[in-house]
There are 2 protein chains.
Amino acid sequence: MKLYDLPPSPNARRVRIFIAEKGLDIPKVTVDMAKGENRTPEYLARNSLGKMPVLELDDGTCIAESVAICRYLEELQPEPPLFGRDRVDRARVEMWNRRMEHELLLPMIGVFVHTHEFWKDLVEQNAAWGESCRDNVTAKLAWLDGELDGRDFIANDDYTVADITAQCAVLMGKAVGVRVADDQANLSAWWDRVTARPSARA
Amino acid sequence: MKLYDLPPSPNARRVRIFIAEKGLDIPKVTVDMAKGENRTPEYLARNSLGKMPVLELDDGTCIAESVAICRYLEELQPEPPLFGRDRVDRARVEMWNRRMEHELLLPMIGVFVHTHEFWKDLVEQNAAWGESCRDNVTAKLAWLDGELDGRDFIANDDYTVADITAQCAVLMGKAVGVRVADDQANLSAWWDRVTARPSARA
């Protein structure tokens with residue numbers, strides 16, 4: 001197996017943290033978007049959308065989409081379980097992973113793409129959209145702080161893929177000035193808890 | 001079990017089609033957003049985001065997020081498998097379900113929310129964002145038509161949750177004038193194939 005990686009991408013980071021939590025050792029190939037390496041015929045045969053990450057299996061099968069890669073690795077290496085332990089728990093982890101993706105990560109990416117200098121010449125920025133993403137995700141951090149009351153992790157008592165998605169979102173927020181507020185004690189404690197794990201540096 | 005439903009919502013439709021494909025009979029409770037039924041303390045205790053659908057289990061456990069509900073039902077009633085048949089197949093279905101969600105359904109919803117009369121007084125519409133979603137999803141329909149060459153269904157030889165997500169996206173497109181083009185023969189044949197299934201009317 002090998003992982004086609006884009007180091008600064010929050011979606012690629014989700015997979016790298018997941019791999020680290022599983023204790024797997026998977027070689028990584030960095031794809032240089034600036035050089036157009038994701039638009040070559042060879043790469044587009046791996047993922048016709050030209051996105052990273054992609055997991056290539058030894059028989060050449062390619063799996064794109066970060067959560068699809070994580071699910072494949074969960075089946076390959078079930079311990080520790082990062083998608084839940086039983087039917088209800090797995091549904092809860094899926095629910096929370098999707099909430100963290102839709103309420104936190106996607107709007108954080110929206111702020112980044114539509115307001116950050118980096119994207120100025122790469123996309124048609126819509127600053128008003130970026131600012132509405134900022135307002136939305138700022139409100140959702142407050143909501144999440146309330147939800148975390150009495151809980152150590154996002155979905156249940158274990159660290160799961162939902163924590164990984166949330167921590168990649170919060171990390172992306174630091175690049176665009178959307179931060180956990182000082183009075184969000186539950187969220188701050190959770191952030192300290194997840195970033196103390198060795199996998200946070202993956 | 002009961003399903004808290006919002007009949008016109010594409011996400012609620014995903015779950016209703018899934019339930020029909022599984023041959024399950026789950027009572028539905030329609031939540032009237034216009035009357036604020038999704039903002040009552042009782043409903044917010046089921047889903048603090050006030051969204052539909054929600055599956056309530058007999059012990060009161062509530063599962064929000066359409067795909068989380070579908071995954072729970074897949075484990076409860078494994079036949080026919082709608083999330084894939086083996087490890088690689090399940091990864092492929094997850095990949096395609098996410099592609100259909102992110103490349104088709106979410107931008108279709110973006111067009112609807114930001115350009116349709118229905119949302120005019122409900123949200124701060126950003127017409128330029130809506131139009132960029134329209135351009136994006138129109139291009140992705142062409143991409144999907146190419147991907148479907150030689151295939152009957154989105155992810156593999158079986159009808160799966162990825163087809164359900166795609167068909168809910170295409171149906172939403174009809175409300176906002178984003179349609180499968182006449183020369184997109186693969187996509188047109190796929191649409192005829194999936195809408196001929198009895199579940200399409202769920």
# chains A, B, ... in the order shown; residues from 1 in each chain; ligands from 1

$ residues_around --residues "stretch 83-91 of chain B" --least-positions-apart "6" --cutoff "12 Å" --atoms "only C-alpha atoms" --output "PyMOL selection string"
(chain A and resi 54-57+59-77) or (chain B and resi 18+22+67-68+70-75+77+97-98+154-164)

$ calpha_fit_and_write --fixed "chain B" --moving "chain A" --output "short mmCIF file (atom, residue, chain, number, x, y, z; two decimals) with C-alpha atoms, in the first residue's frame"
data_model
loop_
_atom_site.label_atom_id
_atom_site.label_comp_id
_atom_site.auth_asym_id
_atom_site.auth_seq_id
_atom_site.Cartn_x
_atom_site.Cartn_y
_atom_site.Cartn_z
CA MET A 1 -38.35 2.57 16.14
CA LYS A 2 -39.73 5.67 14.50
CA LEU A 3 -38.38 8.11 11.94
CA TYR A 4 -38.75 11.86 12.37
CA ASP A 5 -39.19 12.89 8.77
CA LEU A 6 -39.25 16.03 6.63
CA PRO A 7 -40.88 14.89 3.37
CA PRO A 8 -39.32 17.40 0.89
CA SER A 9 -35.77 17.15 2.33
CA PRO A 10 -33.30 15.29 0.09
CA ASN A 11 -31.53 13.91 3.18
CA ALA A 12 -34.77 12.55 4.61
CA ARG A 13 -35.54 11.07 1.18
CA ARG A 14 -32.21 9.21 1.22
CA VAL A 15 -33.33 7.44 4.40
CA ARG A 16 -36.84 6.70 3.10
CA ILE A 17 -35.47 5.13 -0.10
CA PHE A 18 -32.96 3.13 1.98
CA ILE A 19 -35.77 1.84 4.23
CA ALA A 20 -37.83 0.88 1.18
CA GLU A 21 -34.89 -0.98 -0.40
CA LYS A 22 -34.43 -2.93 2.85
CA GLY A 23 -38.12 -3.81 2.96
CA LEU A 24 -38.39 -2.36 6.48
CA ASP A 25 -41.56 -0.86 7.88
CA ILE A 26 -40.71 2.03 10.19
CA PRO A 27 -43.40 4.46 11.35
CA LYS A 28 -42.76 8.06 10.29
CA VAL A 29 -43.54 11.26 12.19
CA THR A 30 -43.57 14.36 9.99
CA VAL A 31 -41.93 17.34 11.69
CA ASP A 32 -43.46 20.66 10.61
CA MET A 33 -40.63 23.18 10.39
CA ALA A 34 -43.01 25.98 9.44
CA LYS A 35 -44.66 25.53 12.85
CA GLY A 36 -41.26 25.38 14.55
CA GLU A 37 -41.75 21.76 15.62
CA ASN A 38 -38.01 21.16 15.13
CA ARG A 39 -37.12 23.88 17.66
CA THR A 40 -39.19 22.62 20.60
CA PRO A 41 -37.27 21.41 23.69
CA GLU A 42 -38.60 17.89 23.03
CA TYR A 43 -37.25 17.81 19.50
CA LEU A 44 -33.94 19.48 20.38
CA ALA A 45 -33.41 16.72 22.96
CA ARG A 46 -33.54 14.29 20.01
CA ASN A 47 -31.21 16.38 17.84
CA SER A 48 -29.68 19.52 19.29
CA LEU A 49 -29.14 20.82 15.75
CA GLY A 50 -32.91 20.73 15.11
CA LYS A 51 -32.48 18.84 11.84
CA MET A 52 -34.34 15.96 10.24
CA PRO A 53 -34.26 13.00 9.79
CA VAL A 54 -33.79 11.39 13.20
CA LEU A 55 -34.26 7.69 13.95
CA GLU A 56 -35.53 7.08 17.49
CA LEU A 57 -34.92 3.58 18.81
CA ASP A 58 -37.31 1.85 21.20
CA ASP A 59 -35.07 2.67 24.19
CA GLY A 60 -35.16 6.38 23.29
CA THR A 61 -31.69 6.51 21.71
CA CYS A 62 -31.76 9.00 18.84
CA ILE A 63 -29.59 8.77 15.73
CA ALA A 64 -29.33 11.88 13.57
CA GLU A 65 -27.58 12.30 10.19
CA SER A 66 -29.06 10.40 7.27
CA VAL A 67 -26.04 8.20 6.54
CA ALA A 68 -25.65 7.29 10.24
CA ILE A 69 -29.28 6.12 10.19
CA CYS A 70 -28.67 4.12 7.01
CA ARG A 71 -25.58 2.45 8.50
CA TYR A 72 -27.53 1.49 11.61
CA LEU A 73 -30.26 -0.05 9.44
CA GLU A 74 -27.65 -1.85 7.31
CA GLU A 75 -26.39 -3.63 10.43
CA LEU A 76 -29.93 -4.37 11.59
CA GLN A 77 -31.01 -5.74 8.20
CA PRO A 78 -27.91 -6.71 6.18
CA GLU A 79 -29.82 -7.87 3.07
CA PRO A 80 -29.65 -6.58 0.42
CA PRO A 81 -26.23 -5.04 1.16
CA LEU A 82 -26.37 -1.34 0.27
CA PHE A 83 -22.91 -0.42 1.63
CA GLY A 84 -20.91 -3.07 -0.25
CA ARG A 85 -20.11 -6.76 0.03
CA ASP A 86 -16.47 -7.03 1.11
CA ARG A 87 -13.67 -4.81 2.40
CA VAL A 88 -12.63 -3.30 -0.93
CA ASP A 89 -16.21 -3.08 -2.15
CA ARG A 90 -17.29 -1.31 1.05
CA ALA A 91 -14.45 1.19 0.62
CA ARG A 92 -15.53 1.79 -2.98
CA VAL A 93 -19.16 2.36 -1.96
CA GLU A 94 -18.07 4.78 0.77
CA MET A 95 -15.86 6.61 -1.74
CA TRP A 96 -18.68 6.93 -4.24
CA ASN A 97 -21.29 7.84 -1.66
CA ARG A 98 -19.04 10.67 -0.49
CA ARG A 99 -18.34 11.79 -4.05
CA MET A 100 -22.07 11.87 -4.75
CA GLU A 101 -22.65 13.85 -1.57
CA HIS A 102 -19.82 16.35 -1.98
CA GLU A 103 -19.79 16.76 -5.76
CA LEU A 104 -23.55 16.52 -6.43
CA LEU A 105 -25.88 16.74 -3.45
CA LEU A 106 -24.22 19.52 -1.42
CA PRO A 107 -23.82 21.89 -4.41
CA MET A 108 -27.41 21.12 -5.52
CA ILE A 109 -28.58 22.14 -2.04
CA GLY A 110 -26.35 25.22 -2.37
CA VAL A 111 -28.13 26.22 -5.59
CA PHE A 112 -31.51 25.66 -3.96
CA VAL A 113 -30.83 27.54 -0.73
CA HIS A 114 -29.06 30.49 -2.37
CA THR A 115 -31.13 31.03 -5.51
CA HIS A 116 -34.64 29.67 -4.88
CA GLU A 117 -37.58 31.84 -3.89
CA PHE A 118 -38.47 29.39 -1.10
CA TRP A 119 -35.44 30.41 0.98
CA LYS A 120 -35.65 34.17 0.30
CA ASP A 121 -36.92 35.15 3.74
CA LEU A 122 -35.38 32.25 5.64
CA VAL A 123 -31.64 32.74 5.06
CA GLU A 124 -29.30 35.44 3.84
CA GLN A 125 -29.04 34.31 0.24
CA ASN A 126 -25.74 34.69 -1.61
CA ALA A 127 -26.75 34.44 -5.27
CA ALA A 128 -23.16 34.44 -6.54
CA TRP A 129 -22.41 31.45 -4.32
CA GLY A 130 -25.53 29.69 -5.56
CA GLU A 131 -24.49 30.28 -9.17
CA SER A 132 -20.99 28.96 -8.52
CA CYS A 133 -22.58 25.83 -7.01
CA ARG A 134 -24.66 25.56 -10.21
CA ASP A 135 -21.56 25.78 -12.45
CA ASN A 136 -19.75 23.27 -10.26
CA VAL A 137 -22.51 20.66 -10.18
CA THR A 138 -23.23 21.08 -13.90
CA ALA A 139 -19.58 20.20 -14.60
CA LYS A 140 -19.78 17.26 -12.20
CA LEU A 141 -22.80 15.78 -13.99
CA ALA A 142 -20.67 15.68 -17.15
CA TRP A 143 -17.84 14.04 -15.18
CA LEU A 144 -20.24 11.46 -13.74
CA ASP A 145 -21.64 10.67 -17.19
CA GLY A 146 -18.11 9.73 -18.24
CA GLU A 147 -17.49 7.67 -15.12
CA LEU A 148 -20.69 5.66 -15.70
CA ASP A 149 -19.50 4.41 -19.07
CA GLY A 150 -19.98 0.62 -19.00
CA ARG A 151 -21.46 0.59 -15.49
CA ASP A 152 -25.09 0.12 -14.46
CA PHE A 153 -24.76 1.73 -11.05
CA ILE A 154 -22.61 4.38 -9.38
CA ALA A 155 -20.19 2.33 -7.26
CA ASN A 156 -20.24 -1.17 -8.74
CA ASP A 157 -22.63 -3.74 -10.24
CA ASP A 158 -25.18 -3.34 -7.47
CA TYR A 159 -27.56 -0.59 -6.54
CA THR A 160 -26.09 0.95 -3.36
CA VAL A 161 -26.39 3.92 -1.03
CA ALA A 162 -24.24 5.87 -3.52
CA ASP A 163 -27.04 5.56 -6.10
CA ILE A 164 -29.54 6.76 -3.49
CA THR A 165 -27.45 9.87 -2.77
CA ALA A 166 -26.98 10.59 -6.46
CA GLN A 167 -30.66 10.16 -7.30
CA CYS A 168 -31.70 12.51 -4.46
CA ALA A 169 -29.22 15.05 -5.84
CA VAL A 170 -30.53 14.77 -9.40
CA LEU A 171 -34.11 15.05 -8.12
CA MET A 172 -33.21 18.21 -6.18
CA GLY A 173 -31.62 19.55 -9.38
CA LYS A 174 -34.99 19.40 -11.13
CA ALA A 175 -36.32 21.98 -8.64
CA VAL A 176 -33.54 24.43 -9.52
CA GLY A 177 -33.11 23.83 -13.24
CA VAL A 178 -29.93 21.74 -13.14
CA ARG A 179 -30.72 18.77 -15.36
CA VAL A 180 -28.99 15.79 -16.92
CA ALA A 181 -28.13 16.94 -20.46
CA ASP A 182 -29.66 15.17 -23.47
CA ASP A 183 -26.25 13.95 -24.64
CA GLN A 184 -25.37 12.43 -21.25
CA ALA A 185 -26.49 8.96 -22.31
CA ASN A 186 -24.90 7.01 -19.46
CA LEU A 187 -26.37 9.26 -16.80
CA SER A 188 -29.78 9.25 -18.51
CA ALA A 189 -29.83 5.45 -18.66
CA TRP A 190 -28.78 5.28 -14.99
CA TRP A 191 -31.56 7.72 -14.05
CA ASP A 192 -34.16 5.59 -15.86
CA ARG A 193 -32.75 2.50 -14.13
CA VAL A 194 -32.89 3.88 -10.57
CA THR A 195 -36.22 5.65 -10.91
CA ALA A 196 -37.84 2.46 -12.23
CA ARG A 197 -37.29 0.91 -8.79
CA PRO A 198 -40.36 1.02 -6.50
CA SER A 199 -38.21 2.63 -3.78
CA ALA A 200 -37.85 5.79 -5.89
CA ARG A 201 -41.32 6.86 -4.80
CA ALA A 202 -40.52 6.53 -1.06
#

$ select_by_dssp --residues "stretch 46-77 of chain A" --states "alpha helix (DSSP H)" --output "list in words"
Arg46, Ser66, Val67, Ala68, Ile69, Cys70, Arg71, Tyr72, Leu73, Glu74, Glu75 and Leu76 of chain A

$ write_last_selection --atoms "C-alpha atoms" --output "tab-separated table (two decimals), in the first residue's frame"
chain	number	residue	atom	x	y	z
A	46	ARG	CA	-5.94	6.99	-9.55
A	66	SER	CA	-10.39	10.35	3.35
A	67	VAL	CA	-13.18	8.60	5.27
A	68	ALA	CA	-13.34	5.76	2.72
A	69	ILE	CA	-9.60	5.23	3.29
A	70	CYS	CA	-10.09	5.27	7.06
A	71	ARG	CA	-12.93	2.73	6.85
A	72	TYR	CA	-10.78	0.42	4.73
A	73	LEU	CA	-7.97	0.66	7.29
A	74	GLU	CA	-10.44	0.06	10.15
A	75	GLU	CA	-11.39	-3.28	8.59
A	76	LEU	CA	-7.75	-4.14	7.91

$ decode --residues "stretch 151-163 of chain B" --atoms "N, CA and C atoms" --output "compact mmCIF listing (two decimals), in the first residue's frame"
# COMPACT_ATOMS: atom_id res chain seq x y z
N ARG B 151 -21.00 1.03 -16.83
CA ARG B 151 -21.48 0.61 -15.51
C ARG B 151 -22.99 0.84 -15.40
N ASP B 152 -23.67 -0.05 -14.68
CA ASP B 152 -25.11 0.13 -14.47
C ASP B 152 -25.39 1.04 -13.28
N PHE B 153 -24.52 0.96 -12.26
CA PHE B 153 -24.76 1.74 -11.04
C PHE B 153 -23.51 2.54 -10.66
N ILE B 154 -23.67 3.40 -9.68
CA ILE B 154 -22.61 4.38 -9.37
C ILE B 154 -21.32 3.73 -8.88
N ALA B 155 -21.41 2.82 -7.91
CA ALA B 155 -20.19 2.34 -7.27
C ALA B 155 -19.70 1.01 -7.82
N ASN B 156 -20.64 0.17 -8.27
CA ASN B 156 -20.23 -1.17 -8.74
C ASN B 156 -21.41 -1.78 -9.50
N ASP B 157 -21.56 -3.10 -9.50
CA ASP B 157 -22.64 -3.73 -10.27
C ASP B 157 -23.97 -3.73 -9.53
N ASP B 158 -23.95 -3.34 -8.28
CA ASP B 158 -25.18 -3.34 -7.48
C ASP B 158 -25.68 -1.93 -7.26
N TYR B 159 -26.97 -1.84 -7.03
CA TYR B 159 -27.57 -0.60 -6.53
C TYR B 159 -27.12 -0.45 -5.08
N THR B 160 -26.58 0.73 -4.73
CA THR B 160 -26.09 0.95 -3.37
C THR B 160 -26.53 2.33 -2.86
N VAL B 161 -26.10 2.63 -1.64
CA VAL B 161 -26.39 3.93 -1.03
C VAL B 161 -25.83 5.08 -1.87
N ALA B 162 -24.78 4.82 -2.66
CA ALA B 162 -24.23 5.87 -3.52
C ALA B 162 -25.24 6.25 -4.62
N ASP B 163 -25.99 5.25 -5.12
CA ASP B 163 -27.05 5.56 -6.09
C ASP B 163 -28.15 6.38 -5.43
